[in-house]
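Novice: My questions will all concern the structure given below.
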Amino acid sequence: QKRLVLLCLAVLSTLGVSAQTIHPGKCPEPPVQQNFDVPRYMGRWHEIQKLPAFFQKGKCAQATYTLGDGVVKVVNDELSDGTISSIEGTAKPTDPSEPAKLEVTFFPGAPAGNYWVLKTDYDNYTLVYGCSNLGGVYANYAWILSRSRTLPEETVAELRATLTSSGIIIDKLTDSEQTGCESMPK
């Protein structure tokens with residue numbers, strides 16, 4: 001078991017995931033948004049804060065969701081060195097009785113990632129969590145998103161408290177840069 005943990009840590013470090021938030025143990029399982037309304041959630045969301053992720057390097061990060069045939073089309077955009085980078089994927093609920101627990105896939109054949117909506121008011125903010133168990137350790141992700149490029153500090157503080165009360169370590173939660181974003185898709 002200990003050897004497997006060390007092997008996982010060695011592999012992760014060689015893959016350049018030093019920005020990941022990796023912890024010993026298993027993923028926390030926080031409660032998700034009750035009565036999640038997928039159609040109301042669709043549209044554009046801007047990243048306000050995040051736990052660092054190796055696959056996000058730019059600024060002006062935003063996600064656009066559209067619904068079709070029970071599958072959510074996901075388009076993530078960010079600005080890096082003056083160039084817009086985009087990636088498209090799909091998301092779908094893992095269990096129809098818990099529609100706030102989705103799995104998102106960006107590459108055919110790649111394992112899906114968790115996308116759990118912990119809290120949203122649909123019009124202003126959403127709090128998203130994802131986690132992967134990696135044999136004795138776990139890598140987790142969290143995003144505070146807003147319909148606009150800013151969010152009141154009291155709302156951010158409330159969402160951070162939701163993460164903490166669910167056992168999610170947020171010491172590496174950082175602000176996302178949302179300035180100079182005029183060239184981003186509207």
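Ordered as shown in the structure tokens, chains take letters A, B, and onward, while each chain numbers its residues from 1 and ligands are numbered from 1 in the order shown.
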Residues within 7 Å of segment 44-50 of chain A, please, as an NGL selection string. Count only C-alpha atoms; anything in the same chain fewer than 2 positions from it doesn't count.
Specialist: :A and (52 or 61-65 or 142-150 or 173-176)
Novice: Any chance you could export the current selection's C-alpha atoms as an mmCIF file, in the first residue's frame?
Specialist:
```cif
data_model
loop_
_atom_site.group_PDB
_atom_site.id
_atom_site.type_symbol
_atom_site.label_atom_id
_atom_site.label_comp_id
_atom_site.auth_asym_id
_atom_site.auth_seq_id
_atom_site.Cartn_x
_atom_site.Cartn_y
_atom_site.Cartn_z
ATOM 1 C CA PRO A 52 -4.948 24.905 -8.986
ATOM 2 C CA ALA A 61 -11.276 31.284 -17.734
ATOM 3 C CA GLN A 62 -14.895 30.672 -18.605
ATOM 4 C CA ALA A 63 -17.161 27.724 -19.295
ATOM 5 C CA THR A 64 -20.204 27.614 -21.543
ATOM 6 C CA TYR A 65 -22.782 24.845 -21.168
ATOM 7 C CA ALA A 142 -12.905 23.180 -6.900
ATOM 8 C CA TRP A 143 -14.215 26.171 -8.768
ATOM 9 C CA ILE A 144 -16.211 29.172 -7.674
ATOM 10 C CA LEU A 145 -17.925 30.470 -10.791
ATOM 11 C CA SER A 146 -20.089 33.491 -11.531
ATOM 12 C CA ARG A 147 -22.351 34.641 -14.348
ATOM 13 C CA SER A 148 -20.199 37.812 -14.446
ATOM 14 C CA ARG A 149 -16.434 38.291 -14.162
ATOM 15 C CA THR A 150 -16.786 39.406 -10.526
ATOM 16 C CA LEU A 173 -7.805 28.114 -3.395
ATOM 17 C CA THR A 174 -6.670 31.114 -5.451
ATOM 18 C CA ASP A 175 -8.243 34.076 -7.225
ATOM 19 C CA SER A 176 -8.613 33.746 -10.983
#
```
Novice: Check chain A with DSSP on the backbone and list each residue it calls alpha helix (DSSP H), as a compact mmCIF listing (two decimals) with all heavy atoms, in the first residue's frame.
Specialist:
```txt
# COMPACT_ATOMS: atom_id res chain seq x y z
N LYS A 2 1.85 1.30 0.91
CA LYS A 2 2.72 2.47 0.99
C LYS A 2 3.54 2.62 -0.30
O LYS A 2 3.74 3.73 -0.79
CB LYS A 2 3.64 2.33 2.20
CG LYS A 2 4.40 3.59 2.52
CD LYS A 2 5.15 3.46 3.83
CE LYS A 2 5.78 4.78 4.21
NZ LYS A 2 6.45 4.72 5.49
N ARG A 3 3.97 1.51 -0.85
CA ARG A 3 4.74 1.55 -2.09
C ARG A 3 3.88 2.10 -3.23
O ARG A 3 4.37 2.88 -4.05
CB ARG A 3 5.23 0.14 -2.42
CG ARG A 3 6.26 0.12 -3.52
CD ARG A 3 6.79 -1.25 -3.80
NE ARG A 3 7.62 -1.69 -2.68
CZ ARG A 3 8.17 -2.87 -2.61
NH1 ARG A 3 7.97 -3.76 -3.56
NH2 ARG A 3 8.92 -3.20 -1.58
N LEU A 4 2.60 1.73 -3.25
CA LEU A 4 1.69 2.23 -4.28
C LEU A 4 1.50 3.74 -4.15
O LEU A 4 1.52 4.46 -5.14
CB LEU A 4 0.34 1.52 -4.18
CG LEU A 4 -0.73 1.94 -5.19
CD1 LEU A 4 -0.24 1.71 -6.62
CD2 LEU A 4 -2.01 1.19 -4.94
N VAL A 5 1.36 4.22 -2.93
CA VAL A 5 1.23 5.66 -2.71
C VAL A 5 2.46 6.40 -3.20
O VAL A 5 2.37 7.41 -3.90
CB VAL A 5 0.96 5.97 -1.21
CG1 VAL A 5 1.04 7.46 -0.94
CG2 VAL A 5 -0.38 5.42 -0.78
N LEU A 6 3.64 5.89 -2.88
CA LEU A 6 4.88 6.51 -3.33
C LEU A 6 4.99 6.50 -4.85
O LEU A 6 5.43 7.47 -5.47
CB LEU A 6 6.09 5.83 -2.69
CG LEU A 6 6.24 6.03 -1.18
CD1 LEU A 6 7.38 5.17 -0.65
CD2 LEU A 6 6.47 7.49 -0.86
N LEU A 7 4.58 5.39 -5.46
CA LEU A 7 4.60 5.29 -6.91
C LEU A 7 3.66 6.32 -7.53
O LEU A 7 4.03 7.01 -8.48
CB LEU A 7 4.21 3.88 -7.37
CG LEU A 7 4.14 3.66 -8.88
CD1 LEU A 7 5.50 3.90 -9.52
CD2 LEU A 7 3.63 2.28 -9.19
N CYS A 8 2.46 6.44 -6.98
CA CYS A 8 1.51 7.44 -7.49
C CYS A 8 2.07 8.84 -7.38
O CYS A 8 1.97 9.64 -8.31
CB CYS A 8 0.18 7.36 -6.73
SG CYS A 8 -0.83 5.94 -7.19
N LEU A 9 2.66 9.16 -6.25
CA LEU A 9 3.25 10.49 -6.07
C LEU A 9 4.38 10.74 -7.05
O LEU A 9 4.51 11.83 -7.60
CB LEU A 9 3.72 10.67 -4.63
CG LEU A 9 2.62 10.80 -3.57
CD1 LEU A 9 3.22 10.79 -2.18
CD2 LEU A 9 1.79 12.05 -3.80
N ALA A 10 5.20 9.72 -7.29
CA ALA A 10 6.30 9.87 -8.25
C ALA A 10 5.76 10.10 -9.66
O ALA A 10 6.24 10.98 -10.38
CB ALA A 10 7.19 8.62 -8.21
N VAL A 11 4.74 9.34 -10.06
CA VAL A 11 4.16 9.50 -11.39
C VAL A 11 3.54 10.88 -11.53
O VAL A 11 3.75 11.58 -12.53
CB VAL A 11 3.12 8.39 -11.68
CG1 VAL A 11 2.32 8.70 -12.93
CG2 VAL A 11 3.81 7.05 -11.82
N LEU A 12 2.78 11.31 -10.52
CA LEU A 12 2.15 12.62 -10.58
C LEU A 12 3.17 13.73 -10.68
O LEU A 12 2.99 14.69 -11.43
CB LEU A 12 1.25 12.83 -9.35
CG LEU A 12 -0.02 11.98 -9.32
CD1 LEU A 12 -0.69 12.10 -7.96
CD2 LEU A 12 -0.97 12.38 -10.43
N SER A 13 4.25 13.61 -9.95
CA SER A 13 5.26 14.68 -10.00
C SER A 13 5.94 14.73 -11.36
O SER A 13 6.27 15.81 -11.84
CB SER A 13 6.29 14.50 -8.88
OG SER A 13 7.05 13.34 -9.08
N THR A 14 6.13 13.60 -12.02
CA THR A 14 6.75 13.62 -13.34
C THR A 14 5.79 14.13 -14.41
O THR A 14 6.22 14.59 -15.44
CB THR A 14 7.26 12.22 -13.76
OG1 THR A 14 6.16 11.32 -13.79
CG2 THR A 14 8.33 11.73 -12.82
N VAL A 38 -30.95 21.24 -14.37
CA VAL A 38 -29.92 21.29 -15.41
C VAL A 38 -30.19 22.40 -16.43
O VAL A 38 -29.29 23.18 -16.73
CB VAL A 38 -29.74 19.91 -16.09
CG1 VAL A 38 -28.76 20.00 -17.25
CG2 VAL A 38 -29.27 18.88 -15.08
N PRO A 39 -31.41 22.53 -16.99
CA PRO A 39 -31.62 23.60 -17.97
C PRO A 39 -31.34 25.01 -17.44
O PRO A 39 -30.78 25.84 -18.15
CB PRO A 39 -33.11 23.45 -18.36
CG PRO A 39 -33.39 21.99 -18.13
CD PRO A 39 -32.58 21.63 -16.89
N ARG A 40 -31.67 25.29 -16.18
CA ARG A 40 -31.40 26.61 -15.60
C ARG A 40 -29.90 26.87 -15.45
O ARG A 40 -29.48 28.03 -15.42
CB ARG A 40 -32.06 26.74 -14.22
CG ARG A 40 -33.50 27.13 -14.27
CD ARG A 40 -34.05 27.42 -12.89
NE ARG A 40 -33.53 28.68 -12.35
CZ ARG A 40 -33.62 29.02 -11.09
NH1 ARG A 40 -34.19 28.21 -10.21
NH2 ARG A 40 -33.12 30.16 -10.67
N TYR A 41 -29.12 25.81 -15.33
CA TYR A 41 -27.68 25.93 -15.13
C TYR A 41 -26.93 26.27 -16.43
O TYR A 41 -25.81 26.77 -16.40
CB TYR A 41 -27.16 24.60 -14.56
CG TYR A 41 -25.77 24.66 -14.01
CD1 TYR A 41 -25.53 25.21 -12.76
CD2 TYR A 41 -24.69 24.12 -14.71
CE1 TYR A 41 -24.25 25.24 -12.22
CE2 TYR A 41 -23.41 24.15 -14.18
CZ TYR A 41 -23.20 24.71 -12.94
OH TYR A 41 -21.94 24.74 -12.41
N GLU A 153 -17.51 39.72 -2.39
CA GLU A 153 -16.64 39.01 -1.45
C GLU A 153 -17.42 38.17 -0.45
O GLU A 153 -16.98 37.08 -0.09
CB GLU A 153 -15.75 40.01 -0.70
CG GLU A 153 -14.63 40.57 -1.56
CD GLU A 153 -13.73 41.51 -0.78
OE1 GLU A 153 -13.54 41.30 0.44
OE2 GLU A 153 -13.20 42.45 -1.40
N GLU A 154 -18.59 38.65 0.00
CA GLU A 154 -19.38 37.88 0.97
C GLU A 154 -19.90 36.58 0.35
O GLU A 154 -19.99 35.56 1.04
CB GLU A 154 -20.51 38.71 1.58
CG GLU A 154 -21.48 39.32 0.60
CD GLU A 154 -21.08 40.69 0.06
OE1 GLU A 154 -19.92 41.13 0.25
OE2 GLU A 154 -21.93 41.32 -0.59
N THR A 155 -20.20 36.59 -0.94
CA THR A 155 -20.64 35.36 -1.61
C THR A 155 -19.47 34.39 -1.72
O THR A 155 -19.63 33.19 -1.47
CB THR A 155 -21.21 35.68 -3.01
OG1 THR A 155 -22.26 36.63 -2.88
CG2 THR A 155 -21.73 34.42 -3.69
N VAL A 156 -18.30 34.90 -2.09
CA VAL A 156 -17.11 34.05 -2.17
C VAL A 156 -16.81 33.44 -0.80
O VAL A 156 -16.55 32.23 -0.70
CB VAL A 156 -15.89 34.86 -2.70
CG1 VAL A 156 -14.61 34.05 -2.61
CG2 VAL A 156 -16.14 35.30 -4.14
N ALA A 157 -16.89 34.23 0.25
CA ALA A 157 -16.63 33.73 1.61
C ALA A 157 -17.62 32.63 1.99
O ALA A 157 -17.24 31.61 2.58
CB ALA A 157 -16.69 34.87 2.61
N GLU A 158 -18.89 32.82 1.63
CA GLU A 158 -19.91 31.80 1.91
C GLU A 158 -19.61 30.49 1.18
O GLU A 158 -19.73 29.40 1.75
CB GLU A 158 -21.28 32.34 1.50
CG GLU A 158 -22.41 31.35 1.68
CD GLU A 158 -23.72 31.87 1.11
OE1 GLU A 158 -23.99 33.09 1.21
OE2 GLU A 158 -24.47 31.06 0.56
N LEU A 159 -19.20 30.58 -0.07
CA LEU A 159 -18.90 29.38 -0.86
C LEU A 159 -17.64 28.69 -0.35
O LEU A 159 -17.58 27.45 -0.30
CB LEU A 159 -18.79 29.74 -2.34
CG LEU A 159 -20.10 30.29 -2.95
CD1 LEU A 159 -19.86 30.81 -4.36
CD2 LEU A 159 -21.20 29.25 -2.92
N ARG A 160 -16.65 29.45 0.04
CA ARG A 160 -15.45 28.87 0.65
C ARG A 160 -15.81 28.12 1.94
O ARG A 160 -15.29 27.04 2.20
CB ARG A 160 -14.40 29.96 0.93
CG ARG A 160 -13.78 30.54 -0.34
CD ARG A 160 -12.88 31.73 -0.02
NE ARG A 160 -11.71 31.32 0.75
CZ ARG A 160 -10.49 31.14 0.27
NH1 ARG A 160 -10.27 31.34 -1.01
NH2 ARG A 160 -9.51 30.77 1.05
N ALA A 161 -16.71 28.70 2.73
CA ALA A 161 -17.15 28.05 3.97
C ALA A 161 -17.89 26.74 3.68
O ALA A 161 -17.75 25.77 4.43
CB ALA A 161 -18.04 29.00 4.77
N THR A 162 -18.62 26.71 2.58
CA THR A 162 -19.30 25.47 2.18
C THR A 162 -18.27 24.37 1.90
O THR A 162 -18.45 23.22 2.33
CB THR A 162 -20.18 25.71 0.94
OG1 THR A 162 -21.19 26.67 1.26
CG2 THR A 162 -20.83 24.42 0.46
N LEU A 163 -17.21 24.71 1.20
CA LEU A 163 -16.15 23.73 0.93
C LEU A 163 -15.53 23.23 2.24
O LEU A 163 -15.40 22.02 2.46
CB LEU A 163 -15.07 24.33 0.04
CG LEU A 163 -15.46 24.60 -1.42
CD1 LEU A 163 -14.40 25.45 -2.11
CD2 LEU A 163 -15.71 23.30 -2.16
N THR A 164 -15.16 24.16 3.10
CA THR A 164 -14.51 23.80 4.37
C THR A 164 -15.41 22.92 5.23
O THR A 164 -14.96 21.92 5.78
CB THR A 164 -14.12 25.08 5.15
OG1 THR A 164 -13.25 25.86 4.32
CG2 THR A 164 -13.40 24.75 6.43
N SER A 165 -16.69 23.26 5.31
CA SER A 165 -17.61 22.48 6.14
C SER A 165 -17.84 21.08 5.57
O SER A 165 -18.32 20.20 6.28
CB SER A 165 -18.94 23.21 6.32
OG SER A 165 -19.65 23.25 5.09
```
Novice: What's the 8 Å shell around Asp81 of chain A, counting only C-alpha atoms, without same-chain residues fewer than 2 positions away, as a ChimeraX atom specification?
Specialist: /A:58,79,83
Novice: Could the residues in this selection be written to a file with C-alpha atoms, as a PDB file, in the first residue's frame?
Specialist:
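Result written to selection.pdb:
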```
ATOM      1  CA  GLY A  58      -4.330  31.080 -18.543  1.00  0.00           C
ATOM      2  CA  LEU A  79      -6.615  33.428 -22.546  1.00  0.00           C
ATOM      3  CA  THR A  83      -4.282  33.562 -27.507  1.00  0.00           C
TER       4      THR A  83
END
```
Novice: What's the 12 Å shell around Glu182 of chain A, counting only C-alpha atoms, without same-chain residues fewer than 4 positions away, as a PDB file with C-alpha atoms, in the first residue's frame?
Specialist:
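Resulting contents of part.pdb:
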```
ATOM      1  CA  LYS A  59      -6.569  33.898 -17.396  1.00  0.00           C
ATOM      2  CA  CYS A  60     -10.164  34.910 -18.197  1.00  0.00           C
ATOM      3  CA  GLU A  78      -9.063  30.782 -21.389  1.00  0.00           C
ATOM      4  CA  LEU A  79      -6.615  33.428 -22.546  1.00  0.00           C
ATOM      5  CA  GLY A  82      -2.833  36.685 -25.888  1.00  0.00           C
ATOM      6  CA  THR A  83      -4.282  33.562 -27.507  1.00  0.00           C
ATOM      7  CA  ILE A  84      -7.675  32.047 -26.725  1.00  0.00           C
ATOM      8  CA  ARG A 149     -16.434  38.291 -14.162  1.00  0.00           C
ATOM      9  CA  GLN A 178     -10.595  38.171 -14.960  1.00  0.00           C
ATOM     10  CA  LYS A 186     -19.185  36.511 -25.596  1.00  0.00           C
TER      11      LYS A 186
END
```
Novice: Show me, as a list in words, the residues that have an atom within 6 Å of Val137 of chain A when counting only C-alpha atoms, minus same-chain residues fewer than 5 positions from it.
Specialist: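 Here the qualifying residues turn out to be His23, Pro24 and Gly25 of chain A.
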Novice: Have a look at atom CA of Glu98 of chain A and atom CA of Tyr115 of chain A and let me know their distance in Å, one decimal.
Specialist: 12.0 Å
Novice: List every residue of segment 55-102 of chain A that DSSP, applied to the backbone of this structure, places in strand (DSSP E or B), and write the result as JSON, numbers by chain.
Specialist: {"A": [59, 60, 61, 62, 63, 64, 65, 66, 67, 68, 71, 72, 73, 74, 75, 76, 77, 78, 79, 80, 83, 84, 85, 86, 87, 88, 89, 90, 91, 92, 93, 101, 102]}
Novice: Let's have the selection written as a CSV table (one decimal), in the first residue's frame, with N, CA and C atoms.
Specialist:
```csv
chain,number,residue,atom,x,y,z
A,59,LYS,N,-5.7,33.0,-18.1
A,59,LYS,CA,-6.6,33.9,-17.4
A,59,LYS,C,-7.9,34.0,-18.2
A,60,CYS,N,-8.9,34.7,-17.6
A,60,CYS,CA,-10.2,34.9,-18.2
A,60,CYS,C,-10.9,33.6,-18.4
A,61,ALA,N,-10.7,32.6,-17.6
A,61,ALA,CA,-11.3,31.3,-17.7
A,61,ALA,C,-12.8,31.4,-17.6
A,62,GLN,N,-13.4,30.7,-18.6
A,62,GLN,CA,-14.9,30.7,-18.6
A,62,GLN,C,-15.4,29.3,-19.2
A,63,ALA,N,-16.6,29.0,-18.8
A,63,ALA,CA,-17.2,27.7,-19.3
A,63,ALA,C,-18.5,28.1,-19.8
A,64,THR,N,-18.9,27.4,-21.0
A,64,THR,CA,-20.2,27.6,-21.5
A,64,THR,C,-20.8,26.2,-21.7
A,65,TYR,N,-22.1,26.1,-21.2
A,65,TYR,CA,-22.8,24.8,-21.2
A,65,TYR,C,-24.1,25.0,-22.0
A,66,THR,N,-24.3,24.0,-22.9
A,66,THR,CA,-25.5,23.9,-23.6
A,66,THR,C,-26.0,22.5,-23.5
A,67,LEU,N,-27.4,22.4,-23.5
A,67,LEU,CA,-28.0,21.1,-23.3
A,67,LEU,C,-28.6,20.6,-24.6
A,68,GLY,N,-28.4,19.3,-24.9
A,68,GLY,CA,-28.9,18.7,-26.1
A,68,GLY,C,-29.0,17.2,-25.9
A,71,VAL,N,-27.5,15.4,-22.9
A,71,VAL,CA,-26.0,15.5,-22.7
A,71,VAL,C,-25.7,17.0,-22.7
A,72,VAL,N,-24.8,17.4,-21.8
A,72,VAL,CA,-24.4,18.8,-21.7
A,72,VAL,C,-23.1,19.0,-22.6
A,73,LYS,N,-23.1,19.9,-23.5
A,73,LYS,CA,-21.9,20.2,-24.2
A,73,LYS,C,-21.2,21.3,-23.4
A,74,VAL,N,-19.9,21.0,-23.2
A,74,VAL,CA,-19.0,21.9,-22.4
A,74,VAL,C,-18.0,22.5,-23.3
A,75,VAL,N,-17.9,23.9,-23.2
A,75,VAL,CA,-16.8,24.6,-23.9
A,75,VAL,C,-16.1,25.4,-22.9
A,76,ASN,N,-14.8,25.1,-22.6
A,76,ASN,CA,-14.0,25.8,-21.7
A,76,ASN,C,-13.0,26.7,-22.5
A,77,ASP,N,-12.9,28.0,-22.2
A,77,ASP,CA,-12.0,28.9,-22.8
A,77,ASP,C,-11.2,29.6,-21.8
A,78,GLU,N,-9.9,29.9,-22.2
A,78,GLU,CA,-9.1,30.8,-21.4
A,78,GLU,C,-8.1,31.5,-22.3
A,79,LEU,N,-7.5,32.6,-21.8
A,79,LEU,CA,-6.6,33.4,-22.5
A,79,LEU,C,-5.2,33.2,-22.0
A,80,SER,N,-4.3,32.8,-22.9
A,80,SER,CA,-2.9,32.5,-22.5
A,80,SER,C,-2.0,33.1,-23.5
A,83,THR,N,-3.6,34.5,-26.6
A,83,THR,CA,-4.3,33.6,-27.5
A,83,THR,C,-5.4,32.9,-26.7
A,84,ILE,N,-6.6,32.8,-27.4
A,84,ILE,CA,-7.7,32.0,-26.7
A,84,ILE,C,-7.5,30.6,-26.9
A,85,SER,N,-7.5,29.8,-25.9
A,85,SER,CA,-7.4,28.4,-25.9
A,85,SER,C,-8.8,27.8,-25.5
A,86,SER,N,-9.3,26.8,-26.3
A,86,SER,CA,-10.6,26.3,-26.0
A,86,SER,C,-10.5,24.7,-26.0
A,87,ILE,N,-11.3,24.1,-25.2
A,87,ILE,CA,-11.5,22.7,-25.3
A,87,ILE,C,-13.0,22.4,-25.1
A,88,GLU,N,-13.4,21.4,-25.9
A,88,GLU,CA,-14.8,21.0,-25.8
A,88,GLU,C,-14.9,19.6,-25.3
A,89,GLY,N,-16.0,19.4,-24.5
A,89,GLY,CA,-16.3,18.1,-24.0
A,89,GLY,C,-17.8,17.9,-23.7
A,90,THR,N,-18.1,16.8,-23.0
A,90,THR,CA,-19.5,16.5,-22.7
A,90,THR,C,-19.6,16.2,-21.3
A,91,ALA,N,-20.8,16.4,-20.7
A,91,ALA,CA,-21.0,16.1,-19.3
A,91,ALA,C,-22.4,15.4,-19.2
A,92,LYS,N,-22.6,14.5,-18.3
A,92,LYS,CA,-23.9,13.9,-18.1
A,92,LYS,C,-24.0,13.4,-16.7
A,93,PRO,N,-25.2,13.4,-16.1
A,93,PRO,CA,-25.4,12.9,-14.8
A,93,PRO,C,-25.0,11.4,-14.7
A,101,LYS,N,-24.6,15.5,-9.8
A,101,LYS,CA,-23.4,14.8,-9.9
A,101,LYS,C,-23.2,14.4,-11.3
A,102,LEU,N,-22.3,15.1,-12.0
A,102,LEU,CA,-22.1,14.8,-13.4
A,102,LEU,C,-20.7,14.3,-13.6
```
Novice: To one decimal place, how far is atom CA of Val32 of chain A from atom CA of Gln56 of chain A in Å?
Specialist: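 According to the coordinates, atom CA of Val32 of chain A and atom CA of Gln56 of chain A are separated by 24.0 Å.
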Novice: Restricting the calculation to only C-alpha atoms: of A:Cys27, A:Trp116, A:Asp69, A:Val128, which residue gets closest to Pro99 of chain A?
Specialist: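 For Pro99 of chain A, the nearest of the given residues is A:Trp116.
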Novice: Distance atom CA of Glu103 of chain A-atom CA of Leu51 of chain A, one decimal place?
Specialist: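 These atoms are spaced 18.3 Å apart.
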